[in-house]
>>> print(open('start.txt').read())   # compact mmCIF, C-alpha atoms
# COMPACT_ATOMS: atom_id res chain seq x y z
CA MET A 29 -35.50 -3.30 20.88
CA THR A 30 -37.11 -6.15 18.95
CA ALA A 31 -35.21 -8.94 17.19
CA THR A 32 -36.13 -7.45 13.82
CA THR A 33 -34.81 -4.04 14.82
CA ARG A 34 -31.57 -5.57 16.05
CA ARG A 35 -31.08 -7.31 12.70
CA VAL A 36 -31.63 -3.99 10.91
CA TYR A 37 -29.01 -2.33 13.12
CA LYS A 38 -26.55 -5.12 12.38
CA ARG A 39 -27.03 -4.71 8.63
CA ARG A 40 -26.53 -0.95 8.93
CA GLU A 41 -23.26 -1.54 10.73
CA THR A 42 -21.99 -3.69 7.86
CA ILE A 43 -23.01 -1.01 5.35
CA THR A 44 -21.54 2.05 7.08
CA ALA A 45 -18.83 0.53 9.33
CA LEU A 46 -18.95 3.68 11.50
CA PRO A 47 -19.60 3.91 15.26
CA LEU A 48 -23.15 4.80 16.25
CA TYR A 49 -23.28 7.83 18.58
CA TYR A 50 -26.94 8.83 18.60
CA SER A 51 -30.22 8.02 16.82
CA GLY A 52 -33.87 8.97 16.79
CA GLN A 53 -36.68 10.64 14.85
CA LEU A 54 -35.73 13.80 12.99
CA LEU A 55 -37.51 16.05 10.51
CA LYS A 56 -35.50 17.66 7.75
CA LYS A 57 -35.96 19.99 4.81
CA TYR A 58 -33.76 22.10 2.57
CA THR A 59 -33.88 25.84 2.96
CA GLY A 60 -36.63 27.08 0.68
CA GLU A 61 -38.77 23.96 0.89
CA LYS A 62 -42.16 24.27 2.54
CA GLU A 63 -42.67 20.95 4.26
CA PHE A 64 -40.43 18.92 6.55
CA LYS A 65 -39.89 15.24 5.80
CA ASN A 66 -39.82 12.71 8.60
CA PHE A 67 -36.72 10.50 8.86
CA TYR A 68 -35.16 8.06 11.26
CA ALA A 69 -31.67 9.47 11.75
CA GLU A 70 -28.42 7.91 12.93
CA LEU A 71 -25.29 9.85 13.78
CA ARG A 72 -22.44 7.49 12.84
CA GLY A 73 -18.98 8.94 13.00
CA SER A 74 -19.13 12.38 11.44
CA THR A 75 -22.00 11.47 9.10
CA LEU A 76 -25.71 11.88 9.72
CA PHE A 77 -27.57 9.06 7.91
CA LEU A 78 -31.28 9.54 7.19
CA TYR A 79 -33.53 6.50 6.71
CA THR A 80 -37.12 6.46 5.50
CA ASP A 81 -38.10 4.71 8.71
CA GLU A 82 -36.60 2.68 11.51
CA MET A 83 -36.91 -0.62 9.60
CA HIS A 84 -34.94 0.34 6.49
CA ASP A 85 -31.32 -0.79 6.46
CA THR A 86 -30.27 1.44 3.55
CA TYR A 87 -30.15 5.21 4.04
CA SER A 88 -31.88 7.52 1.61
CA GLU A 89 -29.86 10.66 2.39
CA LYS A 90 -26.82 11.63 4.41
CA LEU A 91 -25.18 14.81 5.68
CA ASP A 92 -21.39 15.04 5.95
CA LEU A 93 -20.67 16.96 9.14
CA GLN A 94 -17.02 17.41 8.17
CA MET A 95 -18.41 20.08 5.81
CA TRP A 96 -19.89 21.87 8.85
CA LYS A 97 -19.81 25.67 8.92
CA SER A 98 -22.41 26.62 11.53
CA MET A 99 -25.52 25.52 13.39
CA SER A 100 -28.03 27.96 14.77
CA MET A 101 -31.34 27.69 16.63
CA ASP A 102 -34.22 29.49 14.95
CA SER A 103 -35.93 30.26 18.28
CA PRO A 104 -34.84 30.20 21.95
CA TYR A 105 -35.07 26.90 23.79
CA GLN A 106 -38.54 26.48 25.31
CA ASN A 107 -40.30 23.53 26.89
CA ASN A 108 -43.30 22.05 25.10
CA ARG A 109 -42.30 23.57 21.81
CA SER A 110 -40.65 22.10 18.70
CA THR A 111 -37.07 23.10 18.09
CA ILE A 112 -35.75 24.02 14.63
CA TYR A 113 -32.04 24.24 13.81
CA THR A 114 -30.43 25.58 10.65
CA LEU A 115 -27.40 23.48 9.74
CA THR A 116 -25.07 25.17 7.27
CA LEU A 117 -22.53 23.04 5.39
CA THR A 118 -20.05 24.14 2.76
CA ASN A 119 -22.16 22.63 -0.03
CA GLU A 120 -25.73 22.96 1.30
CA GLU A 121 -28.01 24.35 4.01
CA VAL A 122 -30.71 22.31 5.71
CA GLN A 123 -33.15 22.74 8.55
CA LEU A 124 -33.65 20.08 11.23
CA LYS A 125 -36.77 19.94 13.39
CA VAL A 126 -37.34 17.97 16.58
CA ASP A 127 -40.75 17.89 18.24
CA ASN A 128 -39.36 17.30 21.73
CA PRO A 129 -37.14 20.25 22.80
CA ASN A 130 -35.11 18.08 25.19
CA THR A 131 -34.36 15.60 22.40
CA GLY A 132 -33.54 18.53 20.12
CA GLU A 133 -30.98 19.78 22.62
CA GLU A 134 -29.37 16.34 22.63
CA TRP A 135 -29.22 16.34 18.83
CA ARG A 136 -27.58 19.76 18.86
CA GLY A 137 -25.03 18.62 21.42
CA PHE A 138 -24.03 15.47 19.51
CA ILE A 139 -23.94 17.14 16.07
CA MET A 140 -21.81 20.08 17.21
CA THR A 141 -19.50 17.89 19.30
CA VAL A 142 -18.73 15.63 16.34
CA ALA A 143 -18.50 18.49 13.83
CA THR A 144 -16.31 20.87 15.87
CA LYS A 145 -14.37 18.30 17.96
CA GLU A 146 -15.40 20.06 21.16
CA ILE A 147 -18.42 20.07 23.46
CA PRO A 148 -20.45 23.25 22.95
CA SER A 149 -21.02 25.48 25.94
CA LYS A 150 -24.39 26.30 27.50
CA LEU A 151 -26.00 22.97 26.75
CA GLN A 152 -29.07 22.23 28.82
CA LEU A 153 -28.37 18.55 29.38
CA LEU A 154 -28.21 16.23 32.37
CA PRO A 155 -24.86 15.10 33.84
CA GLY A 156 -25.24 11.62 32.31
CA GLN A 157 -25.85 13.13 28.88
CA MET A 158 -22.81 15.36 29.23
CA LEU A 159 -20.72 12.33 30.21
CA ARG A 160 -21.89 10.56 27.05
CA LEU A 161 -20.81 13.58 24.98
CA GLU A 162 -17.34 13.35 26.51
CA GLU A 163 -17.12 9.67 25.56
CA VAL A 164 -18.23 10.43 22.00
CA LEU A 165 -15.72 13.26 21.69
CA SER A 166 -12.86 11.02 22.85
CA GLU A 167 -13.86 8.22 20.49
CA GLU A 168 -14.25 10.53 17.51
CA LYS A 169 -10.85 12.14 18.10
CA LYS A 170 -9.22 8.72 18.16
CA ARG A 171 -11.09 7.68 15.02
CA GLN A 172 -9.96 10.74 13.09
CA ALA A 173 -6.41 10.76 14.45
CA PRO A 174 -3.76 10.77 11.70
CA PRO A 175 -2.82 7.23 10.67
CA PRO A 176 0.75 5.97 11.02
CA PRO A 177 3.11 7.14 8.27
CA LEU A 178 2.73 5.27 5.03
CA PRO A 179 5.72 3.36 3.66
CA TYR A 180 7.55 5.25 0.99
CA THR A 181 10.04 4.18 -1.59
CA THR A 182 11.90 5.73 -4.50
CA TYR A 183 10.92 4.98 -8.08
CA HIS A 184 13.09 5.72 -11.09
CA ILE A 185 11.10 5.78 -14.28
CA HIS A 186 13.15 4.84 -17.30
CA PRO A 187 11.95 6.06 -20.68
CA SER A 188 11.05 3.52 -23.33
CA SER A 189 9.67 3.62 -26.83
CA ASP A 190 6.10 4.02 -25.59
CA ASP A 191 6.69 5.70 -22.24
CA THR A 192 7.22 9.45 -21.84
CA TYR A 193 7.51 9.55 -18.05
CA ASP A 194 11.23 10.13 -17.83
CA ASP A 195 11.52 12.10 -14.57
CA ALA A 196 13.12 10.59 -11.49
CA ILE A 197 10.54 10.75 -8.71
CA SER A 198 11.75 10.53 -5.13
CA GLY A 199 9.66 9.72 -2.10
CA THR A 200 6.50 8.63 -3.91
CA PRO A 201 4.01 6.31 -2.19
CA LEU A 202 3.98 2.63 -3.03
CA CYS A 203 0.67 3.04 -4.86
CA PHE A 204 2.33 5.14 -7.59
CA PHE A 205 2.31 3.52 -11.03
CA PRO A 206 3.52 5.15 -14.27
CA VAL A 207 0.34 4.28 -16.18
CA SER A 208 -2.36 6.12 -18.11
CA ARG A 209 -5.86 6.87 -16.83
CA GLN A 210 -7.34 3.95 -18.79
CA LYS A 211 -4.71 1.53 -17.46
CA ALA A 212 -5.22 2.70 -13.87
CA GLU A 213 -9.00 2.25 -14.10
CA ARG A 214 -8.50 -1.21 -15.57
CA MET A 215 -6.12 -2.17 -12.75
CA LEU A 216 -8.65 -1.06 -10.11
CA LYS A 217 -11.45 -2.91 -11.87
CA GLU A 218 -9.60 -6.19 -12.40
CA ASN A 219 -7.81 -6.37 -9.03
CA THR A 220 -10.24 -5.07 -6.44
CA GLU A 221 -8.47 -6.94 -3.64
CA TYR A 222 -5.24 -4.93 -4.17
CA GLY A 223 -6.78 -1.57 -3.20
CA SER A 224 -8.82 1.31 -4.55
CA ILE A 225 -6.46 4.31 -4.96
CA ILE A 226 -3.72 4.73 -7.58
CA LEU A 227 -1.36 7.69 -7.85
CA ARG A 228 -0.19 8.20 -11.43
CA PRO A 229 1.19 10.83 -13.80
CA SER A 230 -1.41 13.19 -15.22
CA THR A 231 -2.36 13.16 -18.89
CA ASP A 232 -0.12 16.14 -19.64
CA ASN A 233 2.88 14.31 -18.06
CA THR A 234 3.82 17.39 -16.01
CA ASN A 235 1.68 16.82 -12.91
CA TYR A 236 0.00 13.95 -11.10
CA ALA A 237 -3.45 12.46 -10.79
CA ILE A 238 -5.40 10.26 -8.39
CA THR A 239 -7.57 7.49 -9.80
CA LEU A 240 -9.88 5.80 -7.32
CA ARG A 241 -12.71 3.29 -7.29
CA GLN A 242 -15.74 3.80 -5.04
CA ASP A 243 -18.32 1.05 -4.59
CA TYR A 244 -21.97 2.13 -4.59
CA PRO A 245 -25.11 0.00 -4.40
CA SER A 246 -25.56 0.60 -8.12
CA GLY A 247 -22.00 -0.56 -8.84
CA PRO A 248 -18.38 0.67 -8.80
CA VAL A 249 -17.61 4.22 -9.93
CA MET A 250 -14.20 5.41 -11.17
CA LYS A 251 -13.10 8.95 -10.34
CA ASN A 252 -10.00 10.94 -11.32
CA TYR A 253 -8.55 13.99 -9.58
CA LYS A 254 -5.75 16.24 -10.78
CA VAL A 255 -2.80 17.09 -8.52
CA LEU A 256 -0.70 20.11 -9.49
CA SER A 257 2.98 20.29 -8.61
CA ILE A 258 4.10 23.68 -7.23
CA ASP A 259 7.28 24.97 -5.62
CA THR A 260 5.99 24.52 -2.08
CA GLY A 261 4.24 21.17 -2.55
CA PHE A 262 1.13 20.00 -4.35
CA VAL A 263 -2.39 21.32 -4.93
CA ILE A 264 -5.36 18.95 -5.14
CA GLU A 265 -7.78 20.52 -7.61
CA LEU A 266 -11.13 20.31 -5.81
CA ASP A 267 -14.01 22.75 -5.54
CA ALA A 268 -12.05 24.11 -2.59
CA PRO A 269 -8.38 23.46 -3.59
CA VAL A 270 -6.22 21.78 -0.97
CA THR A 271 -2.46 22.43 -0.70
CA VAL A 272 -0.26 19.74 0.85
CA PRO A 273 3.54 19.45 1.22
CA SER A 274 4.12 16.02 -0.37
CA LEU A 275 2.65 13.25 -2.47
CA GLY A 276 2.24 11.20 0.68
CA ALA A 277 0.08 13.98 2.12
CA VAL A 278 -2.00 13.92 -1.07
CA LEU A 279 -2.77 10.26 -0.44
CA ASP A 280 -3.46 10.92 3.26
CA HIS A 281 -5.99 13.62 2.34
CA PHE A 282 -7.99 11.24 0.15
CA LEU A 283 -7.92 8.53 2.83
CA LYS A 284 -9.23 10.93 5.47
CA ALA A 285 -11.83 12.49 3.15
CA THR A 286 -13.26 9.03 2.44
CA GLU A 287 -13.12 8.07 6.14
CA PHE A 288 -10.49 5.41 5.36
CA ARG A 289 -12.94 3.31 3.39
CA LEU A 290 -10.49 3.31 0.49
CA HIS A 291 -7.04 1.76 0.49
CA PRO A 292 -3.87 2.37 -1.56
CA TYR A 293 -3.41 -0.03 -4.47
CA LEU A 294 -0.55 -2.31 -3.42
CA VAL A 295 0.49 -5.36 -5.42
CA PRO A 296 1.27 -8.18 -2.97
CA GLN A 297 4.75 -9.63 -3.04
CA THR A 298 5.39 -13.34 -2.60
CA TYR A 299 7.94 -14.56 -0.08
CA ASP A 300 9.44 -17.97 0.61
CA THR A 301 8.57 -19.57 3.94
CA CYS A 302 10.83 -22.64 3.93
CA ILE A 303 14.62 -22.86 3.92
CA ASP A 304 15.77 -25.80 1.77
CA LEU A 305 19.22 -27.42 1.74
CA PRO A 306 20.37 -28.15 -1.82
CA LEU A 307 21.75 -31.60 -2.62
CA ALA A 308 25.53 -31.96 -2.41
CA LEU A 309 27.30 -31.78 -5.72
CA PRO A 310 29.01 -35.06 -6.86
CA CYS A 311 32.70 -35.22 -5.99
CA PHE A 312 35.03 -36.26 -8.80
CA PRO A 313 38.67 -37.34 -8.19
CA PRO A 314 41.26 -34.85 -9.44
CA LYS A 315 42.61 -35.47 -12.89
CA PRO A 316 46.17 -36.89 -12.90
CA VAL A 317 48.84 -34.47 -14.03
CA PRO A 318 51.07 -36.12 -16.65
CA ARG A 319 54.76 -36.21 -15.79
CA ALA A 320 57.23 -34.74 -18.21
CA ARG A 321 59.50 -37.30 -19.85
CA VAL A 322 63.11 -36.07 -19.79
CA ALA A 323 65.99 -37.81 -21.53
CA PRO A 324 68.50 -39.01 -18.91
CA MET A 325 72.09 -37.81 -19.01
CA ILE A 326 74.35 -40.87 -19.39
CA HIS A 327 78.01 -40.81 -18.28
CA THR A 328 80.04 -43.92 -19.20
CA LYS A 329 83.22 -44.71 -17.33
CA SER A 330 86.42 -44.55 -19.42
CA PRO A 331 90.02 -45.40 -18.68
CA LYS A 332 92.10 -42.77 -16.95
CA GLY A 333 93.47 -40.20 -19.33
CA SER A 334 91.25 -41.18 -22.18
CA THR A 335 88.90 -38.79 -23.89
CA PRO A 336 85.41 -38.82 -22.31
CA PRO A 337 82.93 -40.30 -24.64
CA SER A 338 80.21 -38.17 -26.04
CA PHE A 339 76.74 -38.36 -24.59
CA PRO A 340 74.57 -40.23 -26.98
CA LYS A 341 71.06 -39.00 -27.56
CA LEU A 342 68.30 -41.46 -26.96
CA PRO A 343 66.23 -42.09 -30.02
CA ILE A 344 62.61 -40.91 -30.00
CA LYS A 345 59.78 -43.24 -30.84
CA ASP A 346 56.17 -42.53 -31.72
CA THR A 347 53.50 -43.70 -29.27
CA ASP A 348 49.72 -43.43 -28.97
CA THR A 349 50.04 -40.48 -26.60
CA GLY A 350 52.75 -38.64 -28.57
CA LYS A 351 56.51 -38.75 -28.96
CA GLU A 352 58.68 -40.05 -26.14
CA TYR A 353 62.21 -41.22 -25.53
CA GLN A 354 62.98 -44.91 -25.67
CA ASP A 355 64.02 -46.54 -22.44
CA ALA A 356 67.72 -46.85 -21.85
CA ASP A 357 67.33 -50.64 -21.65
CA GLU A 358 66.43 -50.70 -25.32
CA VAL A 359 69.37 -48.59 -26.45
CA LEU A 360 72.39 -49.25 -24.27
CA ASN A 361 74.31 -52.50 -24.24
CA PRO A 362 74.02 -54.65 -21.17
CA GLY A 363 76.79 -54.36 -18.65
CA VAL A 364 77.53 -50.73 -19.24
CA TRP A 365 77.55 -48.54 -16.10
CA VAL A 366 75.82 -45.26 -16.51
CA THR A 367 74.91 -42.34 -14.23
CA ILE A 368 71.40 -41.06 -14.81
CA ASN A 369 70.32 -37.62 -13.65
CA PHE A 370 70.99 -37.30 -9.92
CA ARG A 371 74.30 -39.15 -10.35
CA ALA A 372 72.65 -42.41 -9.31
CA SER A 373 74.80 -45.36 -10.47
CA VAL A 374 72.79 -48.15 -12.00
CA CYS A 375 73.72 -51.27 -13.83
CA LEU A 376 71.76 -51.85 -16.95
CA GLN A 377 71.34 -55.59 -17.48
>>> encode(input="start.txt", output="structure tokens")
Amino acid sequence: MTATTRRVYKRRETITALPLYYSGQLLKKYTGEKEFKNFYAELRGSTLFLYTDEMHDTYSEKLDLQMWKSMSMDSPYQNNRSTIYTLTLTNEEVQLKVDNPNTGEEWRGFIMTVATKEIPSKLQLLPGQMLRLEEVLSEEKKRQAPPPPLPYTTYHIHPSSDDTYDDAISGTPLCFFPVSRQKAERMLKENTEYGSIILRPSTDNTNYAITLRQDYPSGPVMKNYKVLSIDTGFVIELDAPVTVPSLGAVLDHFLKATEFRLHPYLVPQTYDTCIDLPLALPCFPPKPVPRARVAPMIHTKSPKGSTPPSFPKLPIKDTDTGKEYQDADEVLNPGVWVTINFRASVCLQ
């Protein structure tokens, strides 16, 4: 392989991102056409890419082998004779011709192994070629194995003045958004890094729809698919309708059908990465609680047998902080013994 050819292969890998299983010259025509066209073919994953020649890095046609129905040989295998196969897919029928019958048998083995997920019987191949088919079969089964379960959450759609989606939807994928077709297409166009598939309510508000963006050499293309809700699950309205049990399975079907080249539209969430310690709040001393001012009870001593004097009331004076009793020093005469409150004897001088 020359350096130029290696560069072409590298560019093809970036375009298709699928594993290369087999390649070589192949002639192809549609049923009803008279002449075969010569192509350089590559079997990558479950897709047969057809290039104008070995030096082109962009394919001109492709055949999706997941649509495989049957493959038959037009004439028995014979040495020194071209081999013609009729490949029937669900949407088309083509004929493939290989000048070398041994190479044609290899093509048949690889195509049928990838399309049916099993090695066909009665192949006239060498042990090393059969071993390669086993490796391809194992790799393709791993590639098409179901992905891990998608994260699900529960959305509750609250009606508003301009929103008619008022049903509570449980178990919907994270790429569900209660938006219109135009809004979904705008989201996919303006935020390509978030993903390429949006699940949304349908226009009639009674079912669902899938809006997706597919990137082609000519530019991005928006597509919309209707998903009907039935008692037993959901029906994807395609040429051949597909029934699945849940909305998550609807999304899984589109991911598998596009060979996981598309991704659910997920808005990234920001998270903090540093734990900060807030500054301590200033500490203020407690406010003093004012003491209540109580007029003391004054008991004057009197001679034995005399009538106890009455308890005079202390006059009240106005102060800046309010009314309060005058001190006993200001009212009582010096030298008079009095008992104040807790029967404490004091001498007022």
>>> closest_residue(input="start.txt", among="A:Thr111, A:Asn130, A:Asn235, A:Asn219", to="Val263 in chain A", atoms="only C-alpha atoms")
A:Asn235
>>> closest_residue(input="start.txt", among="A:Glu162, A:Asp232, A:Ala237, A:Ser274", to="Thr200 in chain A", atoms="only C-alpha atoms")
A:Ser274
>>> residues_around(input="start.txt", residues="Leu48 in chain A", least_positions_apart="5", cutoff="9 Å", atoms="only C-alpha atoms", output="ChimeraX atom specification")
/A:41,70-73
>>> residues_near_point(input="start.txt", point="(-23.9, 26.6, 25.8)", cutoff="12 Å", atoms="only C-alpha atoms", output="count of residues only")
17
>>> atom_distance(input="start.txt", atom1="CA of Arg289 in chain A", atom2="CA of Glu167 in chain A")
17.8 Å
>>> closest_residue(input="start.txt", among="A:Gly132, A:Ile303, A:Pro245, A:Gln210", to="Tyr87 in chain A", atoms="all atoms listed in the file")
A:Pro245
>>> closest_residue(input="start.txt", among="A:Met215, A:Val270, A:Met83, A:Leu275", to="Leu227 in chain A", atoms="all atoms listed in the file")
A:Leu275
>>> residues_near_point(input="start.txt", point="(1.8, 1.5, -3.4)", cutoff="10 Å", atoms="all atoms listed in the file", output="PyMOL selection string")
chain A and resi 178-181+200-205+222-223+225-227+291-296
